[in-house]
Amino acid sequence: MEQNGYTVEVKNVENMATVKTRFNVPSKLYSCHTVIVDGYILEGHVPAADVARLLTERPDDIIGLAVPGMPVGSPGMTIEGVEPQAYNVIAFDRAGKTEIFSSYP
């Protein structure tokens, strides 16, 4: 994210499930990182282009974006010699309703 112009403050937390619950991240979307940016929740390896779109569009009906798991080929998850996986960036609302925000082949 820093390479894309975002300032990052890292806070190591012992029990990330507590953080995810507090910010209404649906358990089916859990990943390795939870980030709060300008009032939105980002879960996992969300591409910077999707973060920029979220912050530009500022949709009222969603509270965050998630990339569940750690798919190979998502930002920070490229592995030399390993074919990238297709994955979706999922938008979610406070009630846990989800929809595809963007897809990557």
# chains A, B, ... in the order shown; residues from 1 in each chain; ligands from 1
$ residues_around --residues "Gly76 of chain A" --least-positions-apart "6" --cutoff "12 Å" --atoms "only C-alpha atoms" --output "PyMOL selection string"
chain A and resi 1-3+32-33+44-48+70+84
$ write_last_selection --atoms "C-alpha atoms" --output "PDB file, in the first residue's frame"
ATOM      1  CA  MET A   1       0.000   0.000   0.000  1.00  0.00           C
ATOM      2  CA  GLU A   2       2.888   2.342   0.740  1.00  0.00           C
ATOM      3  CA  GLN A   3       4.101   1.855  -2.849  1.00  0.00           C
ATOM      4  CA  CYS A  32      -4.595 -12.311   7.289  1.00  0.00           C
ATOM      5  CA  HIS A  33      -4.872  -8.511   7.582  1.00  0.00           C
ATOM      6  CA  GLY A  44      -6.822  -9.330   3.225  1.00  0.00           C
ATOM      7  CA  HIS A  45      -4.825  -8.441   0.132  1.00  0.00           C
ATOM      8  CA  VAL A  46      -7.162  -5.906  -1.506  1.00  0.00           C
ATOM      9  CA  PRO A  47      -5.582  -4.327  -4.610  1.00  0.00           C
ATOM     10  CA  ALA A  48      -4.739  -0.615  -4.342  1.00  0.00           C
ATOM     11  CA  MET A  70      -4.451 -15.372   0.515  1.00  0.00           C
ATOM     12  CA  PRO A  84      -1.723 -16.568 -10.263  1.00  0.00           C
TER      13      PRO A  84
END
$ residues_around --residues "Val51 of chain A" --least-positions-apart "2" --cutoff "12 Å" --atoms "only C-alpha atoms" --output "ChimeraX atom specification"
/A:1,4-6,35-49,53-59,64-67,89-91,101-102
$ select_by_dssp --residues "chain A" --states "helix (DSSP H, G or I)" --output "ChimeraX atom specification"
/A:2-4,16-22,27-29,48-57
$ atom_distance --atom1 "atom CA of Arg94 of chain A" --atom2 "atom CA of Ile63 of chain A"
6.3 Å
$ residues_around --residues "Thr18 of chain A" --least-positions-apart "4" --cutoff "12 Å" --atoms "only C-alpha atoms" --output "ChimeraX atom specification"
/A:13-14,22-25,27,30,34
